[in-house]
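Q: Here it is, the structure, as structure tokens.
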Amino acid sequence: MSRRVHPAVVPAQPFHLATREAGDGPVLTTDEGREWVETAVSRYPQKKAALLPLLSYVQSKRGWVTPGDMADAADALDLTPAFVHSVATFYTMYNRRPVGRHLIQVCTNIACFLNRGEEVLERFLEETGTHEGEMSACGNFTVLEQECLGACGFATVVHVNEKCFENVTPEGVGAIVQALRDDAAAYPNGAARAVEGGD
Ligand code: FES
């Protein structure tokens, strides 16, 4: 890593647009990764408290968390692989399989359901040519159905990566997907864009 960062800015949010720069390689055992581990651990009185930031960091670099990443996190924090696995599988925000560059999460809980949330979900699936949870052939999209996203007054609510879209209607879905396609076209390898707010 080219510069040191303050411990307070170790990423804690896993939905940032992933740089994908890790590819199939390691994240936590590179020089940069080791430095992030050291920084994250320095924030907490106990090493294991840094586990969520570490998993989020991995996801920001790869887009998902592999079994190897979990093993590396266990090694780094003196935890058992089973403990790390239990945490990574408890929080649905950690992707445990490859997802599209743009992770689209559509709320269909009660407020959004009453505001055509299921239609919004269907339109996203149609527009991206996917089934729920599947990555599109182009690698740009995965659409997930979610429970309440905590913005019920603005139903229907949709998260795309770290961004929150409010008052989404089925008619508005096409424009959102097109904007994402344009963004993907600008960064075809998914590696050029910085993680917003990550460092
Ligand atoms: S029900 Fe959709 S955000 Fe709460």
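Chain lettering (A, B, ...) mirrors the order of the structure tokens, residue numbering begins at 1 for each chain separately, and ligand numbering begins at 1 in order of display.
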Counting only C-alpha atoms, what is within 7 Å of region 101-118 of chain A, bar same-chain residues fewer than 5 positions away, as JSON, numbers by chain?
A: {"A": [139, 140, 141, 142, 143, 144, 145, 146, 147, 148, 149, 152, 155, 156, 157, 158, 159, 160, 161]}
Q: Set the distance at 8 Å and use only C-alpha atoms: which residues neighbour region 77-82 of chain A once local chain neighbours fewer than 6 positions away are removed? I'd like the list as number ranges by chain.
A: A: 47-48, 50-51, 70-71
Q: Could you check which of A:Glu171, A:Glu166, A:Asp69, A:Asp183 is closest to ligand 1, using only C-alpha atoms and all ligand atoms?
A: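 Going through A:Glu171, A:Glu166, A:Asp69, A:Asp183 one by one, the smallest distance to ligand 1 is for A:Glu166.
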Q: Can you list every residue in region 12-83 of chain A that DSSP puts in helix (DSSP H, G or I), as a ChimeraX atom specification?
A: /A:31-41,47-62,67-77,81-83
Q: According to DSSP computed on the backbone, where in region 5-197 of chain A is there strand (DSSP E)? Give the residues as a list in words.
A: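 Taking region 5-197 of chain A and keeping strand (DSSP E) only, one gets His102, Leu103, Ile104, Gln105, Val106, Cys107, Phe141, Thr142, Val143, Leu144, Glu145, Gln146, Val158, His159, Val160, Lys163, Cys164 and Phe165 of chain A.
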Q: Considering only C-alpha atoms, can you say which of A:Val168, A:Val99, A:Ile176, A:Ala76 comes closest to Val120 (chain A)?
A: A:Val168
Q: List the neighbours of Thr128 (chain A) out to 8 Å using only C-alpha atoms; skip same-chain residues closer than 3 positions along the sequence, and give me the result as a list of chain:residue names.
A: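 Those residues are A:Phe124, A:Leu125, A:Ser136, A:Phe141, A:Val177.
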Q: Of the candidates A:Leu121, A:Ala74, A:Ala88, A:Ala40, which shows the shortest atom-to-atom distance to ligand 1, using only C-alpha atoms and all ligand atoms?
A: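 The shortest atom-to-atom distance to ligand 1 comes from A:Leu121.
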Q: So, counting only C-alpha atoms and all ligand atoms, which residue among A:Gly68, A:Gly172, A:Gly100, A:Gly153 is closest to ligand 1?
A: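 Going through A:Gly68, A:Gly172, A:Gly100, A:Gly153 one by one, the smallest distance to ligand 1 is for A:Gly153.
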Q: For Pro26 (chain A), find every residue with an atom within 12 Å (counting only C-alpha atoms), except residues of its own chain fewer than 6 positions away, and show them as a VMD selection string.
A: chain A and resid 20 32 to 34 58 to 59 61 to 62 65 to 73
